[in-house]
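Student: The structure's right below; bear with me while I get my questions together.
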Amino acid sequence: MNIIVKKSYSLKGRVTLQGDKSISHRAALILPLCHGDAVVKNFLFAEDTLNSLKAMVMLGADIKIKDNHVLFKSRGLESFKVPNKAIYLGNSGTSIRLLSGILASLKGYSLLYGDESLCKRPMKRIIEPLSRMGAYISSILRNDKAPLLIKGDSLIGIEYDMNIPSAQVKSSILLASLSANGKTVIREKVKTRDHTERMLKYLGADIKIDGEKIILFGGQKLQAKNIFIPADFSSAAFIIAAAALTDDSQVIIENVLLNPTRTGFLKVFEKMGGNFEVFNVREENDEIVGDIKVWSSNLKGVTVEGDIIPTLIDEIPLIAVLAAFAEGVTVISDAKELRYKESDRIESIYYNLKIMGVEAETKEDGLIIQGKSFKRKESYEFYSFKDHRIAMAFSLVGFVLDNVLVYDCENIRTSFPDFIDVFKKINGNIERR
Ligand SMILES: O=C(O)C1=C[C@@H](OP(=O)(O)O)[C@@H](O)[C@H](O)C1
Ligand SMILES: C=C(OP(=O)(O)O)C(=O)O
């Protein structure tokens with residue numbers, strides 16, 4: 001599927017979005033570890049999160065989908081069995097890494113694999129700590145990548161210093177530590193998204209956050225509870241960016257997740273001169289939620305680096321597109337992790353900026369982008385590199401420069417299947433082809 005986008009203005013309206021992807025994964029993977037019944041509302045029905053649900057069903061979880069809600073009847077990890085088939089996790093890094101933490105203590109062998117992109121992503125980052133806890137995990141091709149063969153065992157708690165900022169690695173260790181003997185202590189120098197910690201606490205786990213330390217005691221019984229999942233901030237960011245880039249626009253996005261470990265994009269957008277307002281802020285299920293109103297904006301270039309990076313890591317392709325239309329230079333540093341996502345996002349962004357004629361440079365850990373250096377052309381043809389965030393970010397260029405075609409966009413179904421429909425509803429000139 002390709003996406004065609006034409007010049008648009010007056011993006012107007014109220015938008016409600018499906019639930020946050022990170023929280024949906026965690027609900028799918030953690031609720032079955034609890035005891036009791038629970039209903040999850042506003043779950044994200046996208047390919048990645050459905051792969052997490054399907055994997056848990058393969059382990060024996062009782063999960064049903066009814067009237068757009070996900071119903072769990074949970075009897076804890078002790079009710080699970082390793083499946084006699086390999087578990088396919090598609091394109092989803094979050095699914096494979098978090099599920100590995102659960103399987104690390106489940107007796108028997110399980111085999112995890114995914115699509116071509118997932119099988120290229122680094123897994124040593126979870127193999128190492130989970131092995132230290134006592135699991136046997138082997139990369140079948142001896143390349144520290146999936147397919148992964150896991151033989152669960154009795155685990156012991158560990159002390160672990162995070163050497164890369166990754167919520168997936170942190171969460172994988174936390175899920176394993178739930179069934180380990182003794183306490184696990186994780187030290188995070190740079191804070192990453194904390195949805196696992198928040199959800200475990202909400203479900204009754206004895207988890208403590210003490211400065212950089214996260215402390216969890218093994219052998220706890222969790223109680224299933226209903227969860228309402230706020231709108232995905234990473235999806236909302238595309239709407240914020242599009243409204244800012246187009247003339248005479250004003251859009252409200254409702255019930256958006258505003259967890260500060262996720263909203264670094266708003267801080268950068270503010271520094272760039274973005275016009276927006278956050279209101280109706282409240283707390284739901286230990287997460288922060290609010291509405292965002294955004295208007296057309298004149299943007300200027302910024303420096304994006306340091307501890308803010310993990311809080312906006314998935315929004316960097318979008319920041320690069322905003323930077324191309326901003327006055328002055330934007331420098332993005334400390335973001336080497338971008339090279340290990342669904343594509344090497346530093347190179348994918350660079351390739352597409354070059355198609356726009358933008359003056360840009362890559363660095364090992366980021367990019368330098370000269371704002372407003374794009375060339376006016378009849379049309380622009382971008383490539384998604386089979387990466388949903390690249391596909392969506394560069395689609396937005398069409399709202400400003402007209403006649404954009406982005407090739408190979410099937411992957412938007414992994415995180416934001418309604419992307420095109422949502423934009424059509426607010427007056428965006430966008431089609432699938
Ligand atoms: O924990 C999560 O839900 C995620 C963590 C991040 O990955 P890393 O842990 O690899 O940084 C992020 O890029 C991904 O989209 C979702
Ligand atoms: C990196 C992403 O997801 P995952 O790591 O779960 O594949 C993303 O959604 O941008």
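Within each chain, counting starts at residue 1; across the structure tokens, chains are named A, B, ... in the order shown, with ligands numbered 1 upward in that order.
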Neighbouring residues of ligand 2 are defined here as those with any atom at most 8 Å from a ligand atom, counting only C-alpha atoms and all ligand atoms; list them as a list in words.
Tutor: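 Going residue by residue within 8 Å of ligand 2, we get Lys21, Ser22, Asp48, Asn91, Ser92, Gly93, Thr94, Ser95, Leu118, Gln168, Ile313, Asp314, Glu315, Lys341, Glu342, His388, Arg389, Thr414 and Ser415 of chain A.
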Student: Within 12 Å of Tyr160 (chain A), counting only C-alpha atoms, which residues qualify if same-chain residues fewer than 4 places away don't, as a list in words?
Tutor: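 So, after excluding close chain neighbours, the residues are Arg125, Ile126, Glu128, Pro129, Leu130, Arg132, Met133, Ile164, Val169, Lys170, Ile173, Leu174, Ser177, Lys183, Thr184, Val185, Ile186, Arg187, Glu188, Lys189, Glu212, Lys213, Ile214 and Ile215 of chain A.
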Student: Can you spit out the residues from that selection as a CSV table (one decimal), in the first residue's frame, using N, CA and C atoms?
Tutor:
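In the end it all went to part.csv:
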chain,number,residue,atom,x,y,z
A,125,ARG,N,20.8,-7.4,24.4
A,125,ARG,CA,20.4,-6.5,25.5
A,125,ARG,C,19.4,-7.2,26.5
A,126,ILE,N,18.6,-8.2,26.0
A,126,ILE,CA,17.8,-8.9,26.9
A,126,ILE,C,18.4,-10.3,27.2
A,128,GLU,N,21.4,-11.1,27.8
A,128,GLU,CA,22.4,-11.0,28.9
A,128,GLU,C,21.7,-10.9,30.3
A,129,PRO,N,20.8,-10.0,30.5
A,129,PRO,CA,20.3,-9.9,31.9
A,129,PRO,C,19.4,-11.1,32.2
A,130,LEU,N,18.6,-11.6,31.3
A,130,LEU,CA,17.7,-12.8,31.6
A,130,LEU,C,18.6,-14.0,31.8
A,132,ARG,N,21.5,-14.0,33.1
A,132,ARG,CA,22.1,-13.8,34.5
A,132,ARG,C,21.1,-14.2,35.6
A,133,MET,N,19.8,-14.0,35.3
A,133,MET,CA,18.7,-14.4,36.2
A,133,MET,C,18.5,-15.9,36.3
A,164,ILE,N,22.1,0.9,28.3
A,164,ILE,CA,21.4,1.7,27.2
A,164,ILE,C,20.0,2.1,27.7
A,169,VAL,N,14.0,-3.3,27.6
A,169,VAL,CA,14.9,-4.1,28.3
A,169,VAL,C,14.5,-4.0,29.8
A,170,LYS,N,14.3,-2.8,30.3
A,170,LYS,CA,13.9,-2.6,31.7
A,170,LYS,C,12.6,-3.5,32.0
A,173,ILE,N,13.2,-7.3,32.2
A,173,ILE,CA,13.8,-7.7,33.4
A,173,ILE,C,12.7,-7.7,34.5
A,174,LEU,N,11.9,-6.6,34.6
A,174,LEU,CA,10.9,-6.5,35.6
A,174,LEU,C,9.9,-7.6,35.5
A,177,SER,N,11.5,-10.6,36.9
A,177,SER,CA,11.7,-10.6,38.3
A,177,SER,C,10.5,-10.8,39.1
A,183,LYS,N,15.1,-10.1,45.5
A,183,LYS,CA,14.8,-8.8,45.0
A,183,LYS,C,15.6,-8.5,43.7
A,184,THR,N,15.0,-7.8,42.8
A,184,THR,CA,15.7,-7.3,41.7
A,184,THR,C,15.8,-5.7,41.8
A,185,VAL,N,17.0,-5.2,41.5
A,185,VAL,CA,17.2,-3.8,41.5
A,185,VAL,C,17.8,-3.4,40.2
A,186,ILE,N,17.0,-2.5,39.5
A,186,ILE,CA,17.5,-1.9,38.2
A,186,ILE,C,17.9,-0.5,38.4
A,187,ARG,N,19.0,-0.1,37.9
A,187,ARG,CA,19.5,1.3,38.0
A,187,ARG,C,19.4,1.9,36.6
A,188,GLU,N,18.7,3.0,36.5
A,188,GLU,CA,18.5,3.7,35.2
A,188,GLU,C,19.2,5.0,35.3
A,189,LYS,N,20.2,5.2,34.5
A,189,LYS,CA,20.9,6.6,34.6
A,189,LYS,C,20.0,7.6,33.9
A,212,GLU,N,17.3,6.7,41.0
A,212,GLU,CA,17.5,6.0,39.8
A,212,GLU,C,17.2,4.5,39.9
A,213,LYS,N,16.8,4.1,41.1
A,213,LYS,CA,16.6,2.6,41.4
A,213,LYS,C,15.2,2.2,41.3
A,214,ILE,N,15.0,1.0,40.7
A,214,ILE,CA,13.6,0.4,40.7
A,214,ILE,C,13.8,-0.9,41.4
A,215,ILE,N,13.0,-1.1,42.5
A,215,ILE,CA,13.2,-2.3,43.3
A,215,ILE,C,11.9,-3.1,43.3
Student: Quick one: DSSP strand (DSSP E) residues in region 96-199 of chain A, as a ChimeraX atom specification?
Tutor: /A:108-113,136-139,148-152,155-156,159-161,180-181,183-187
Student: Those residues you just picked out, can you put them in a file as a compact mmCIF listing (two decimals), in the first residue's frame with C-alpha atoms?
Tutor:
# COMPACT_ATOMS: atom_id res chain seq x y z
CA GLY A 108 9.94 -25.85 28.79
CA TYR A 109 11.26 -24.53 25.50
CA SER A 110 9.70 -21.69 23.52
CA LEU A 111 10.80 -20.28 20.21
CA LEU A 112 10.22 -16.62 19.34
CA TYR A 113 10.62 -15.03 15.93
CA TYR A 136 18.62 -20.25 29.06
CA ILE A 137 18.26 -18.02 25.99
CA SER A 138 19.95 -18.69 22.74
CA SER A 139 19.97 -16.84 19.45
CA LEU A 148 15.32 -16.86 20.14
CA LEU A 149 15.08 -20.20 21.89
CA ILE A 150 14.15 -19.78 25.54
CA LYS A 151 14.18 -22.46 28.21
CA GLY A 152 12.57 -21.08 31.32
CA LEU A 155 15.09 -17.35 38.40
CA ILE A 156 16.97 -15.29 40.93
CA GLU A 159 21.12 -6.00 40.41
CA TYR A 160 21.30 -4.48 36.97
CA ASP A 161 22.73 -1.21 35.68
CA ALA A 180 12.24 -14.66 40.61
CA ASN A 181 13.55 -15.51 44.05
CA LYS A 183 14.76 -8.83 44.95
CA THR A 184 15.71 -7.26 41.66
CA VAL A 185 17.22 -3.79 41.53
CA ILE A 186 17.48 -1.94 38.21
CA ARG A 187 19.45 1.29 37.99
Student: Between A:Lys377, A:Lys336, A:Lys7, A:Lys372, which one has atoms that come closest to ligand 1, using only C-alpha atoms and all ligand atoms?
Tutor: A:Lys336
Student: Contacts between region 400-411 of chain A and region 247-350 of chain A, please, where a residue of region 247-350 of chain A counts if it comes within 12 Å (with only C-alpha atoms); show its shortest atom pair and distance in Å to one decimal, rows by chain and ascending number, as CSV.
Tutor:
residue,atom,partner,partner_atom,distance
A:Asp247,CA,A:Val400,CA,9.0
A:Ser296,CA,A:Val400,CA,11.8
A:Val321,CA,A:Val400,CA,10.8
A:Leu322,CA,A:Val400,CA,10.8
A:Ala324,CA,A:Val400,CA,11.1
A:Phe325,CA,A:Val400,CA,9.0
A:Glu342,CA,A:Asn411,CA,9.8
A:Ser343,CA,A:Asn411,CA,11.5
Student: Go ahead and write the selection's residues with N, CA and C atoms as an mmCIF file, in the first residue's frame.
Tutor:
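This is the output file result.cif:
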data_model
loop_
_atom_site.group_PDB
_atom_site.id
_atom_site.type_symbol
_atom_site.label_atom_id
_atom_site.label_comp_id
_atom_site.auth_asym_id
_atom_site.auth_seq_id
_atom_site.Cartn_x
_atom_site.Cartn_y
_atom_site.Cartn_z
ATOM 1 N N ASP A 247 -1.787 25.882 7.168
ATOM 2 C CA ASP A 247 -2.377 27.193 7.466
ATOM 3 C C ASP A 247 -3.797 27.050 7.995
ATOM 4 N N SER A 296 -1.958 26.255 13.827
ATOM 5 C CA SER A 296 -0.900 26.524 12.853
ATOM 6 C C SER A 296 0.240 27.279 13.549
ATOM 7 N N VAL A 321 11.015 16.104 10.220
ATOM 8 C CA VAL A 321 10.142 16.718 9.212
ATOM 9 C C VAL A 321 9.804 18.157 9.629
ATOM 10 N N LEU A 322 9.491 18.358 10.912
ATOM 11 C CA LEU A 322 9.223 19.731 11.382
ATOM 12 C C LEU A 322 10.458 20.603 11.156
ATOM 13 N N ALA A 324 12.650 20.427 8.894
ATOM 14 C CA ALA A 324 12.819 20.778 7.476
ATOM 15 C C ALA A 324 12.013 22.027 7.119
ATOM 16 N N PHE A 325 10.934 22.297 7.871
ATOM 17 C CA PHE A 325 10.091 23.463 7.580
ATOM 18 C C PHE A 325 10.327 24.618 8.561
ATOM 19 N N GLU A 342 12.713 -0.211 13.639
ATOM 20 C CA GLU A 342 12.169 -0.984 12.522
ATOM 21 C C GLU A 342 12.995 -0.807 11.258
ATOM 22 N N SER A 343 13.637 0.381 11.131
ATOM 23 C CA SER A 343 14.691 0.579 10.130
ATOM 24 C C SER A 343 15.785 1.356 10.852
#
Student: Which value, in Å to one decimal, gives the distance between CA of Asn84 (chain A) and CA of Phe45 (chain A)?
Tutor: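 Distance reported for this atom pair: 26.0 Å.
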Student: Counting only C-alpha atoms and all ligand atoms, which of A:Ala244, A:Val190, A:Ile253, A:Met1 gets nearest to ligand 1?
Tutor: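 That would be A:Val190, the residue with the smallest distance to ligand 1.
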Student: Please list as a ChimeraX atom specification every residue within 10 Å of Asp62 (chain A), counting only C-alpha atoms and excluding residues in the same chain fewer than 5 positions away.
Tutor: /A:32,37,56-57,71-75
Student: Within 7 Å of Gly274 (chain A), counting only C-alpha atoms, which residues show up once you throw out same-chain ones fewer than 3 positions away? Write them as a PDB file with N, CA and C atoms, in the first residue's frame, please.
Tutor:
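The resulting file, result_24.pdb, is reproduced below:
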ATOM      1  N   ALA A 244       0.299  22.054  12.998  1.00  0.00           N
ATOM      2  CA  ALA A 244       1.273  23.147  13.079  1.00  0.00           C
ATOM      3  C   ALA A 244       1.762  23.559  11.694  1.00  0.00           C
ATOM      4  N   PHE A 269       8.523  20.795  20.700  1.00  0.00           N
ATOM      5  CA  PHE A 269       7.569  21.549  19.874  1.00  0.00           C
ATOM      6  C   PHE A 269       7.403  22.965  20.444  1.00  0.00           C
ATOM      7  N   GLU A 270       7.344  23.053  21.768  1.00  0.00           N
ATOM      8  CA  GLU A 270       7.216  24.362  22.420  1.00  0.00           C
ATOM      9  C   GLU A 270       8.451  25.220  22.135  1.00  0.00           C
ATOM     10  N   SER A 297       1.467  26.961  13.190  1.00  0.00           N
ATOM     11  CA  SER A 297       2.598  27.553  13.916  1.00  0.00           C
ATOM     12  C   SER A 297       3.736  27.893  12.959  1.00  0.00           C
ATOM     13  N   ASN A 298       4.513  28.918  13.337  1.00  0.00           N
ATOM     14  CA  ASN A 298       5.770  29.201  12.623  1.00  0.00           C
ATOM     15  C   ASN A 298       6.889  28.639  13.471  1.00  0.00           C
ATOM     16  N   LEU A 299       7.642  27.708  12.927  1.00  0.00           N
ATOM     17  CA  LEU A 299       8.604  26.984  13.759  1.00  0.00           C
ATOM     18  C   LEU A 299      10.027  27.447  13.516  1.00  0.00           C
TER      19      LEU A 299
END
Student: When DSSP is applied to the backbone of this structure, which of region 92-333 of chain A are assigned alpha helix (DSSP H)? Write them out as a count of residues only.
Tutor: 71
Student: Between A:Glu378, A:Asp67, A:Glu47, A:Asp194, which residue has the minimum interatomic distance to ligand 1, considering only C-alpha atoms and all ligand atoms?
Tutor: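 Nearest to ligand 1: A:Asp194.
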Student: Excluding Glu254 (chain A) and any residue of its chain fewer than 5 positions from it, enumerate the residues within 7 Å of it, using only C-alpha atoms, and give them as an NGL selection string.
Tutor: :A and (15-16 or 290-292)
Student: Compare A:Gly366, A:Gly218, A:Pro122, A:Gly371 by their minimum atom-to-atom distance to ligand 1, counting only C-alpha atoms and all ligand atoms, and give me the closest one.
Tutor: A:Pro122
Student: Work out how far CA of Ser249 (chain A) is from CA of Ile346 (chain A), in Å to one decimal.
Tutor: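 Computing the Euclidean distance for CA of Ile346 (chain A) and CA of Ser249 (chain A) yields 29.8 Å.
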Student: Neighbouring residues of Met58 (chain A) were defined as those with any atom within 8 Å, considering only C-alpha atoms; residues of the same chain fewer than 6 positions away were excluded. Please report them as a PyMOL selection string.
Tutor: chain A and resi 82-83+87
Student: Hey, which of A:Asn255, A:Thr261, A:Ser131, A:Ser8 ends up closest to ligand 1? Count only C-alpha atoms and all ligand atoms.
Tutor: A:Thr261
Student: Closest to ligand 1 among A:Ala38, A:Val331, A:Met123, A:Leu396, using only C-alpha atoms and all ligand atoms?
Tutor: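 Nearest to ligand 1: A:Met123.
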Student: CA of Val294 (chain A) to CA of Arg262 (chain A): how many Å, to one decimal?
Tutor: 17.9 Å
